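Student: Dropping in data23.pdb, which is PDB, C-alpha atoms and all ligand atoms:
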ATOM      1  CA  MET A   1      66.713 -65.831  13.952  1.00  0.00           C
ATOM      2  CA  ILE A   2      64.774 -69.099  14.155  1.00  0.00           C
ATOM      3  CA  GLU A   3      64.237 -68.633  17.916  1.00  0.00           C
ATOM      4  CA  GLU A   4      62.631 -65.233  17.247  1.00  0.00           C
ATOM      5  CA  ILE A   5      60.311 -66.837  14.702  1.00  0.00           C
ATOM      6  CA  LEU A   6      59.229 -69.504  17.199  1.00  0.00           C
ATOM      7  CA  GLU A   7      58.556 -66.815  19.784  1.00  0.00           C
ATOM      8  CA  TYR A   8      56.475 -64.804  17.293  1.00  0.00           C
ATOM      9  CA  ASN A   9      54.531 -67.945  16.450  1.00  0.00           C
ATOM     10  CA  LYS A  10      53.520 -68.553  20.072  1.00  0.00           C
ATOM     11  CA  ASN A  11      52.010 -65.079  20.253  1.00  0.00           C
ATOM     12  CA  PHE A  12      50.314 -65.435  16.875  1.00  0.00           C
ATOM     13  CA  VAL A  13      48.434 -68.487  18.081  1.00  0.00           C
ATOM     14  CA  LYS A  14      47.772 -67.097  21.566  1.00  0.00           C
ATOM     15  CA  GLU A  15      46.244 -63.932  20.117  1.00  0.00           C
ATOM     16  CA  LYS A  16      44.155 -66.026  17.669  1.00  0.00           C
ATOM     17  CA  LYS A  17      45.519 -64.106  14.643  1.00  0.00           C
ATOM     18  CA  TYR A  18      44.854 -67.224  12.536  1.00  0.00           C
ATOM     19  CA  LYS A  19      41.159 -66.281  12.512  1.00  0.00           C
ATOM     20  CA  ASN A  20      41.788 -64.119   9.406  1.00  0.00           C
ATOM     21  CA  TYR A  21      43.180 -67.053   7.440  1.00  0.00           C
ATOM     22  CA  GLU A  22      40.672 -69.850   7.927  1.00  0.00           C
ATOM     23  CA  THR A  23      39.978 -71.837   4.752  1.00  0.00           C
ATOM     24  CA  ASP A  24      40.190 -75.464   3.493  1.00  0.00           C
ATOM     25  CA  LYS A  25      42.622 -77.476   1.333  1.00  0.00           C
ATOM     26  CA  PHE A  26      40.785 -76.909  -1.980  1.00  0.00           C
ATOM     27  CA  PRO A  27      41.928 -73.850  -3.992  1.00  0.00           C
ATOM     28  CA  ASN A  28      39.004 -71.410  -4.485  1.00  0.00           C
ATOM     29  CA  LYS A  29      40.350 -70.403  -7.911  1.00  0.00           C
ATOM     30  CA  LYS A  30      40.985 -74.046  -8.969  1.00  0.00           C
ATOM     31  CA  LEU A  31      44.494 -72.848  -9.751  1.00  0.00           C
ATOM     32  CA  ALA A  32      48.068 -73.994  -9.119  1.00  0.00           C
ATOM     33  CA  VAL A  33      50.944 -71.521  -9.542  1.00  0.00           C
ATOM     34  CA  VAL A  34      54.559 -72.537 -10.072  1.00  0.00           C
ATOM     35  CA  THR A  35      56.918 -69.646  -9.433  1.00  0.00           C
ATOM     36  CA  CYS A  36      60.362 -68.623  -8.220  1.00  0.00           C
ATOM     37  CA  MET A  37      61.499 -68.556  -4.598  1.00  0.00           C
ATOM     38  CA  ASP A  38      62.727 -64.964  -5.153  1.00  0.00           C
ATOM     39  CA  THR A  39      62.305 -62.811  -2.011  1.00  0.00           C
ATOM     40  CA  ARG A  40      60.781 -59.949  -4.017  1.00  0.00           C
ATOM     41  CA  LEU A  41      57.813 -62.132  -4.973  1.00  0.00           C
ATOM     42  CA  VAL A  42      56.900 -63.398  -1.475  1.00  0.00           C
ATOM     43  CA  GLU A  43      54.158 -60.815  -0.937  1.00  0.00           C
ATOM     44  CA  LEU A  44      54.234 -58.988  -4.287  1.00  0.00           C
ATOM     45  CA  LEU A  45      53.039 -61.928  -6.426  1.00  0.00           C
ATOM     46  CA  PRO A  46      49.862 -62.737  -4.444  1.00  0.00           C
ATOM     47  CA  ALA A  47      49.107 -59.017  -4.050  1.00  0.00           C
ATOM     48  CA  ALA A  48      49.617 -58.245  -7.759  1.00  0.00           C
ATOM     49  CA  LEU A  49      47.357 -61.126  -8.824  1.00  0.00           C
ATOM     50  CA  GLY A  50      44.728 -60.759  -6.102  1.00  0.00           C
ATOM     51  CA  PHE A  51      45.402 -64.091  -4.376  1.00  0.00           C
ATOM     52  CA  LYS A  52      44.154 -64.568  -0.818  1.00  0.00           C
ATOM     53  CA  ASN A  53      44.724 -67.454   1.573  1.00  0.00           C
ATOM     54  CA  GLY A  54      42.813 -70.469   0.219  1.00  0.00           C
ATOM     55  CA  ASP A  55      42.806 -69.257  -3.408  1.00  0.00           C
ATOM     56  CA  ILE A  56      45.676 -71.231  -4.960  1.00  0.00           C
ATOM     57  CA  LYS A  57      48.164 -74.077  -4.656  1.00  0.00           C
ATOM     58  CA  LEU A  58      51.589 -72.411  -4.632  1.00  0.00           C
ATOM     59  CA  ILE A  59      54.702 -74.336  -5.683  1.00  0.00           C
ATOM     60  CA  LYS A  60      58.061 -72.599  -5.496  1.00  0.00           C
ATOM     61  CA  ASN A  61      61.594 -73.446  -6.547  1.00  0.00           C
ATOM     62  CA  ALA A  62      64.666 -71.670  -7.911  1.00  0.00           C
ATOM     63  CA  GLY A  63      63.496 -70.064 -11.164  1.00  0.00           C
ATOM     64  CA  GLY A  64      59.910 -71.304 -11.136  1.00  0.00           C
ATOM     65  CA  ILE A  65      60.739 -73.623 -14.009  1.00  0.00           C
ATOM     66  CA  ILE A  66      60.464 -77.397 -14.308  1.00  0.00           C
ATOM     67  CA  THR A  67      63.146 -79.502 -15.979  1.00  0.00           C
ATOM     68  CA  ASN A  68      62.398 -82.914 -14.451  1.00  0.00           C
ATOM     69  CA  LYS A  69      59.268 -84.668 -15.752  1.00  0.00           C
ATOM     70  CA  PHE A  70      59.071 -86.773 -12.587  1.00  0.00           C
ATOM     71  CA  GLY A  71      60.422 -84.367  -9.988  1.00  0.00           C
ATOM     72  CA  SER A  72      58.658 -82.940  -6.940  1.00  0.00           C
ATOM     73  CA  ALA A  73      57.063 -79.980  -8.778  1.00  0.00           C
ATOM     74  CA  VAL A  74      55.271 -82.241 -11.283  1.00  0.00           C
ATOM     75  CA  ARG A  75      54.277 -84.576  -8.455  1.00  0.00           C
ATOM     76  CA  SER A  76      52.722 -81.639  -6.599  1.00  0.00           C
ATOM     77  CA  LEU A  77      50.857 -80.494  -9.719  1.00  0.00           C
ATOM     78  CA  LEU A  78      49.476 -83.968 -10.419  1.00  0.00           C
ATOM     79  CA  ILE A  79      48.250 -84.291  -6.830  1.00  0.00           C
ATOM     80  CA  GLY A  80      46.675 -80.843  -7.220  1.00  0.00           C
ATOM     81  CA  VAL A  81      44.925 -81.896 -10.445  1.00  0.00           C
ATOM     82  CA  TYR A  82      43.691 -85.313  -9.327  1.00  0.00           C
ATOM     83  CA  GLU A  83      43.023 -84.720  -5.629  1.00  0.00           C
ATOM     84  CA  LEU A  84      42.466 -81.003  -5.079  1.00  0.00           C
ATOM     85  CA  ASN A  85      40.355 -79.693  -7.990  1.00  0.00           C
ATOM     86  CA  VAL A  86      43.152 -77.860  -9.818  1.00  0.00           C
ATOM     87  CA  GLN A  87      41.958 -77.075 -13.368  1.00  0.00           C
ATOM     88  CA  ASN A  88      44.390 -74.285 -14.276  1.00  0.00           C
ATOM     89  CA  ILE A  89      48.174 -73.995 -13.995  1.00  0.00           C
ATOM     90  CA  MET A  90      50.203 -70.771 -14.263  1.00  0.00           C
ATOM     91  CA  ILE A  91      53.992 -70.945 -14.684  1.00  0.00           C
ATOM     92  CA  ILE A  92      55.293 -67.558 -13.509  1.00  0.00           C
ATOM     93  CA  GLY A  93      58.952 -66.707 -14.075  1.00  0.00           C
ATOM     94  CA  HIS A  94      60.296 -63.223 -13.497  1.00  0.00           C
ATOM     95  CA  LYS A  95      62.752 -60.685 -14.890  1.00  0.00           C
ATOM     96  CA  GLU A  96      66.260 -60.539 -13.337  1.00  0.00           C
ATOM     97  CA  CYS A  97      65.941 -64.051 -11.897  1.00  0.00           C
ATOM     98  CA  GLY A  98      68.865 -65.052  -9.669  1.00  0.00           C
ATOM     99  CA  ALA A  99      68.486 -68.691 -10.718  1.00  0.00           C
ATOM    100  CA  LYS A 100      69.099 -67.747 -14.367  1.00  0.00           C
ATOM    101  CA  GLN A 101      72.740 -66.699 -13.993  1.00  0.00           C
ATOM    102  CA  VAL A 102      73.771 -69.564 -11.725  1.00  0.00           C
ATOM    103  CA  ASN A 103      77.065 -71.084 -12.799  1.00  0.00           C
ATOM    104  CA  GLY A 104      77.060 -74.784 -11.945  1.00  0.00           C
ATOM    105  CA  LEU A 105      80.856 -75.037 -12.050  1.00  0.00           C
ATOM    106  CA  GLU A 106      81.158 -72.099  -9.627  1.00  0.00           C
ATOM    107  CA  ILE A 107      78.762 -73.843  -7.212  1.00  0.00           C
ATOM    108  CA  GLU A 108      80.873 -77.001  -7.408  1.00  0.00           C
ATOM    109  CA  ARG A 109      83.905 -74.892  -6.390  1.00  0.00           C
ATOM    110  CA  LYS A 110      81.951 -73.397  -3.484  1.00  0.00           C
ATOM    111  CA  MET A 111      80.891 -76.887  -2.368  1.00  0.00           C
ATOM    112  CA  ILE A 112      84.534 -77.966  -2.160  1.00  0.00           C
ATOM    113  CA  ILE A 113      85.447 -74.837  -0.132  1.00  0.00           C
ATOM    114  CA  ARG A 114      82.528 -75.653   2.232  1.00  0.00           C
ATOM    115  CA  GLY A 115      83.878 -79.145   2.884  1.00  0.00           C
ATOM    116  CA  ILE A 116      82.148 -81.330   0.272  1.00  0.00           C
ATOM    117  CA  LYS A 117      84.558 -83.943  -1.048  1.00  0.00           C
ATOM    118  CA  LYS A 118      85.369 -83.785  -4.772  1.00  0.00           C
ATOM    119  CA  GLU A 119      84.872 -87.574  -4.888  1.00  0.00           C
ATOM    120  CA  GLU A 120      81.224 -87.140  -3.757  1.00  0.00           C
ATOM    121  CA  ILE A 121      80.555 -84.868  -6.719  1.00  0.00           C
ATOM    122  CA  GLU A 122      82.365 -87.271  -9.066  1.00  0.00           C
ATOM    123  CA  THR A 123      80.400 -90.263  -7.694  1.00  0.00           C
ATOM    124  CA  MET A 124      77.130 -88.473  -8.468  1.00  0.00           C
ATOM    125  CA  LYS A 125      78.193 -88.163 -12.095  1.00  0.00           C
ATOM    126  CA  TYR A 126      78.431 -91.967 -12.256  1.00  0.00           C
ATOM    127  CA  CYS A 127      74.883 -92.135 -10.831  1.00  0.00           C
ATOM    128  CA  GLY A 128      73.658 -89.908 -13.664  1.00  0.00           C
ATOM    129  CA  ILE A 129      73.556 -86.589 -11.768  1.00  0.00           C
ATOM    130  CA  ASP A 130      75.803 -83.973 -13.295  1.00  0.00           C
ATOM    131  CA  VAL A 131      75.897 -81.470 -10.411  1.00  0.00           C
ATOM    132  CA  GLU A 132      77.136 -78.671 -12.672  1.00  0.00           C
ATOM    133  CA  ASN A 133      74.186 -79.044 -15.051  1.00  0.00           C
ATOM    134  CA  TRP A 134      71.657 -79.850 -12.344  1.00  0.00           C
ATOM    135  CA  LEU A 135      72.315 -76.616 -10.411  1.00  0.00           C
ATOM    136  CA  GLY A 136      73.138 -74.490 -13.436  1.00  0.00           C
ATOM    137  CA  GLY A 137      70.938 -71.663 -14.721  1.00  0.00           C
ATOM    138  CA  PHE A 138      69.177 -71.125 -18.037  1.00  0.00           C
ATOM    139  CA  ASP A 139      69.954 -68.888 -21.027  1.00  0.00           C
ATOM    140  CA  SER A 140      66.572 -67.253 -21.576  1.00  0.00           C
ATOM    141  CA  THR A 141      63.823 -66.928 -18.963  1.00  0.00           C
ATOM    142  CA  SER A 142      61.066 -66.716 -21.609  1.00  0.00           C
ATOM    143  CA  LYS A 143      62.362 -69.873 -23.295  1.00  0.00           C
ATOM    144  CA  ALA A 144      62.587 -71.698 -19.930  1.00  0.00           C
ATOM    145  CA  ILE A 145      58.955 -70.734 -19.153  1.00  0.00           C
ATOM    146  CA  GLU A 146      57.841 -71.895 -22.617  1.00  0.00           C
ATOM    147  CA  ASP A 147      59.729 -75.199 -22.205  1.00  0.00           C
ATOM    148  CA  THR A 148      58.076 -75.755 -18.809  1.00  0.00           C
ATOM    149  CA  VAL A 149      54.586 -75.178 -20.258  1.00  0.00           C
ATOM    150  CA  MET A 150      55.321 -77.620 -23.077  1.00  0.00           C
ATOM    151  CA  LEU A 151      56.750 -80.205 -20.664  1.00  0.00           C
ATOM    152  CA  LEU A 152      53.485 -80.091 -18.685  1.00  0.00           C
ATOM    153  CA  ARG A 153      51.157 -80.029 -21.706  1.00  0.00           C
ATOM    154  CA  ASN A 154      52.959 -83.034 -23.179  1.00  0.00           C
ATOM    155  CA  HIS A 155      53.272 -84.873 -19.882  1.00  0.00           C
ATOM    156  CA  PRO A 156      51.890 -88.425 -20.215  1.00  0.00           C
ATOM    157  CA  LEU A 157      50.010 -88.156 -16.888  1.00  0.00           C
ATOM    158  CA  MET A 158      48.567 -84.643 -17.345  1.00  0.00           C
ATOM    159  CA  PRO A 159      44.930 -84.632 -18.558  1.00  0.00           C
ATOM    160  CA  ASN A 160      44.186 -82.503 -21.672  1.00  0.00           C
ATOM    161  CA  ASP A 161      41.436 -80.472 -20.002  1.00  0.00           C
ATOM    162  CA  VAL A 162      43.868 -78.684 -17.656  1.00  0.00           C
ATOM    163  CA  LYS A 163      44.656 -75.147 -18.885  1.00  0.00           C
ATOM    164  CA  ILE A 164      48.364 -74.324 -18.659  1.00  0.00           C
ATOM    165  CA  GLY A 165      49.913 -70.913 -19.380  1.00  0.00           C
ATOM    166  CA  GLY A 166      53.327 -69.266 -19.007  1.00  0.00           C
ATOM    167  CA  TYR A 167      53.963 -65.725 -17.693  1.00  0.00           C
ATOM    168  CA  LEU A 168      56.783 -63.333 -16.844  1.00  0.00           C
ATOM    169  CA  MET A 169      56.501 -61.011 -13.828  1.00  0.00           C
ATOM    170  CA  ASP A 170      58.285 -57.720 -13.248  1.00  0.00           C
ATOM    171  CA  PRO A 171      59.714 -58.136  -9.698  1.00  0.00           C
ATOM    172  CA  TRP A 172      59.333 -54.393  -8.959  1.00  0.00           C
ATOM    173  CA  THR A 173      55.884 -53.511 -10.333  1.00  0.00           C
ATOM    174  CA  GLY A 174      54.272 -56.980 -10.328  1.00  0.00           C
ATOM    175  CA  GLU A 175      53.247 -56.468 -13.979  1.00  0.00           C
ATOM    176  CA  LEU A 176      52.554 -59.778 -15.695  1.00  0.00           C
ATOM    177  CA  GLU A 177      53.432 -60.458 -19.321  1.00  0.00           C
ATOM    178  CA  VAL A 178      51.923 -63.410 -21.189  1.00  0.00           C
ATOM    179  CA  ILE A 179      54.591 -65.725 -22.627  1.00  0.00           C
ATOM    180  CA  VAL A 180      52.359 -68.698 -23.514  1.00  0.00           C
ATOM    181  CA  ASP A 181      48.588 -68.204 -23.565  1.00  0.00           C
ATOM    182  CA  ALA A 182      46.626 -70.754 -21.534  1.00  0.00           C
ATOM    183  CA  ASP A 183      43.941 -70.860 -24.249  1.00  0.00           C
ATOM    184  CA  PHE A 184      45.468 -72.653 -27.189  1.00  0.00           C
TER     185      PHE A 184
HETATM  186 ZN    ZN A 201      63.977 -66.025  -9.612  1.00  0.00          ZN
END
Using the file provided, produce a representation of the structure as structure tokens.
Ligand SMILES: [Zn+2]
Tutor:
Amino acid sequence: MIEEILEYNKNFVKEKKYKNYETDKFPNKKLAVVTCMDTRLVELLPAALGFKNGDIKLIKNAGGIITNKFGSAVRSLLIGVYELNVQNIMIIGHKECGAKQVNGLEIERKMIIRGIKKEEIETMKYCGIDVENWLGGFDSTSKAIEDTVMLLRNHPLMPNDVKIGGYLMDPWTGELEVIVDADF
């Protein structure tokens, strides 16, 4: 699969197909979007919201939610705000999210079947990382989106003039529902 992708890439460059995508590092809409890595949203989300190459900073993870105040998603957002003119942040979760139902204990079992030593998982617990909780899902998507918005609004390093809102997308129609209004 990866070989095919590399082959495709050679042709893409050779045929100068990149010409349609030329832009710079600053987001035209002064917007950063945090959303889920779900396959259904890869093209649907930008299409449903009218985003073109160069319009936004796009940060993806499992669920599109943030639980760690000093993790990589917050780091990316702060760099966006201070270095790349981001003035608005949209947290976009979606219905039927695969990350929601994840059972951390089940993943631990799968890790052991795939050759991870039980002692490794136990050692992490002593280092403060409870693998079961860390990989586990969330009870309510709307609540997780709301918590993420609040985490960012109350973040000690996030300036007050950044507008932050929370939204829920339908992964079939692309319809967006407001969970937390950005204007508060
Ligand atoms: Zn998802």
Student: What does the distance from CA of Leu49 in chain A to CA of Tyr167 in chain A come to in Å, to one decimal?
Tutor: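 Separation of CA of Leu49 in chain A and CA of Tyr167 in chain A: 12.0 Å.
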Student: As a quick test: using only C-alpha atoms and all ligand atoms, which residues lie no more than 12 Å away from ligand ZN 201 (chain A)? Give them as a PDB file with C-alpha atoms, in the frame of the given file.
Tutor:
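The new file part_11.pdb reads:
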ATOM      1  CA  VAL A  34      54.559 -72.537 -10.072  1.00  0.00           C
ATOM      2  CA  THR A  35      56.918 -69.646  -9.433  1.00  0.00           C
ATOM      3  CA  CYS A  36      60.362 -68.623  -8.220  1.00  0.00           C
ATOM      4  CA  MET A  37      61.499 -68.556  -4.598  1.00  0.00           C
ATOM      5  CA  ASP A  38      62.727 -64.964  -5.153  1.00  0.00           C
ATOM      6  CA  THR A  39      62.305 -62.811  -2.011  1.00  0.00           C
ATOM      7  CA  ARG A  40      60.781 -59.949  -4.017  1.00  0.00           C
ATOM      8  CA  LEU A  41      57.813 -62.132  -4.973  1.00  0.00           C
ATOM      9  CA  VAL A  42      56.900 -63.398  -1.475  1.00  0.00           C
ATOM     10  CA  LYS A  60      58.061 -72.599  -5.496  1.00  0.00           C
ATOM     11  CA  ASN A  61      61.594 -73.446  -6.547  1.00  0.00           C
ATOM     12  CA  ALA A  62      64.666 -71.670  -7.911  1.00  0.00           C
ATOM     13  CA  GLY A  63      63.496 -70.064 -11.164  1.00  0.00           C
ATOM     14  CA  GLY A  64      59.910 -71.304 -11.136  1.00  0.00           C
ATOM     15  CA  ILE A  65      60.739 -73.623 -14.009  1.00  0.00           C
ATOM     16  CA  ILE A  92      55.293 -67.558 -13.509  1.00  0.00           C
ATOM     17  CA  GLY A  93      58.952 -66.707 -14.075  1.00  0.00           C
ATOM     18  CA  HIS A  94      60.296 -63.223 -13.497  1.00  0.00           C
ATOM     19  CA  LYS A  95      62.752 -60.685 -14.890  1.00  0.00           C
ATOM     20  CA  GLU A  96      66.260 -60.539 -13.337  1.00  0.00           C
ATOM     21  CA  CYS A  97      65.941 -64.051 -11.897  1.00  0.00           C
ATOM     22  CA  GLY A  98      68.865 -65.052  -9.669  1.00  0.00           C
ATOM     23  CA  ALA A  99      68.486 -68.691 -10.718  1.00  0.00           C
ATOM     24  CA  LYS A 100      69.099 -67.747 -14.367  1.00  0.00           C
ATOM     25  CA  GLN A 101      72.740 -66.699 -13.993  1.00  0.00           C
ATOM     26  CA  VAL A 102      73.771 -69.564 -11.725  1.00  0.00           C
ATOM     27  CA  GLY A 137      70.938 -71.663 -14.721  1.00  0.00           C
ATOM     28  CA  PHE A 138      69.177 -71.125 -18.037  1.00  0.00           C
ATOM     29  CA  THR A 141      63.823 -66.928 -18.963  1.00  0.00           C
ATOM     30  CA  ALA A 144      62.587 -71.698 -19.930  1.00  0.00           C
ATOM     31  CA  ILE A 145      58.955 -70.734 -19.153  1.00  0.00           C
ATOM     32  CA  LEU A 168      56.783 -63.333 -16.844  1.00  0.00           C
ATOM     33  CA  MET A 169      56.501 -61.011 -13.828  1.00  0.00           C
ATOM     34  CA  ASP A 170      58.285 -57.720 -13.248  1.00  0.00           C
ATOM     35  CA  PRO A 171      59.714 -58.136  -9.698  1.00  0.00           C
TER      36      PRO A 171
END
Student: Report as a list in words the residues that result from applying the PyMOL selection byres (((chain A and resi 28) around 12) and not hetatm) to the structure here.
Tutor: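 Residues picked by the PyMOL selection byres (((chain A and resi 28) around 12) and not hetatm): Thr23, Asp24, Lys25, Phe26, Pro27, Lys29, Lys30, Leu31, Ala32, Phe51, Lys52, Asn53, Gly54, Asp55, Ile56, Lys57, Leu84, Asn85, Val86, Gln87 and Asn88 of chain A.
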Student: Taking into account only C-alpha atoms, which residue in the set A:Ile79, A:Leu176, A:Ile129, A:Ile121 is nearest to Arg109 in chain A?
Tutor: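 The closest residue to Arg109 in chain A is A:Ile121.
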Student: Let me have the centre and edge lengths in Å, one decimal, of the box along x, y and z around every listed atom of range 98-117 of chain A with 3 Å of margin on each side, as lines of an AutoDock Vina configuration file.
Tutor:
center_x = 77.0
center_y = -74.5
center_z = -5.7
size_x = 23.0
size_y = 24.9
size_z = 23.3
Student: Just to confirm, what's the straight-line distance from CA of Ile179 in chain A to CA of Ile164 in chain A in Å (one decimal)?
Tutor: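 That distance, rounded to one decimal, is 11.3 Å.
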Student: Translate the PyMOL selection byres (((chain A and resi 134) around 12) and not hetatm), as applied to the file shown, into an explicit residue set as a list of chain:residue names.
Tutor: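 This file, filtered by the PyMOL selection byres (((chain A and resi 134) around 12) and not hetatm), leaves A:Ala62, A:Ile66, A:Thr67, A:Asn68, A:Ala99, A:Val102, A:Asn103, A:Gly104, A:Leu105, A:Ile107, A:Glu108, A:Ile121, A:Met124, A:Lys125, A:Gly128, A:Ile129, A:Asp130, A:Val131, A:Glu132, A:Asn133, A:Leu135, A:Gly136, A:Gly137, A:Phe138.
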Student: Taking the file as I've supplied it (selection: the PyMOL selection byres (((chain A and resi 74) around 10) and not hetatm)), which residues are included? Please answer as a list in words.
Tutor: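 Matching residues under the PyMOL selection byres (((chain A and resi 74) around 10) and not hetatm) are Val34, Ile59, Ile66, Thr67, Asn68, Lys69, Phe70, Gly71, Ser72, Ala73, Arg75, Ser76, Leu77, Leu78, Ile79, Gly80, Leu151, Leu152, His155, Leu157 and Met158 of chain A.
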Student: Just give me the gap between CA of Tyr21 in chain A and CA of Tyr8 in chain A in Å, one decimal is fine.
Tutor: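 Atom-to-atom, CA of Tyr21 in chain A and CA of Tyr8 in chain A are spaced 16.7 Å apart.
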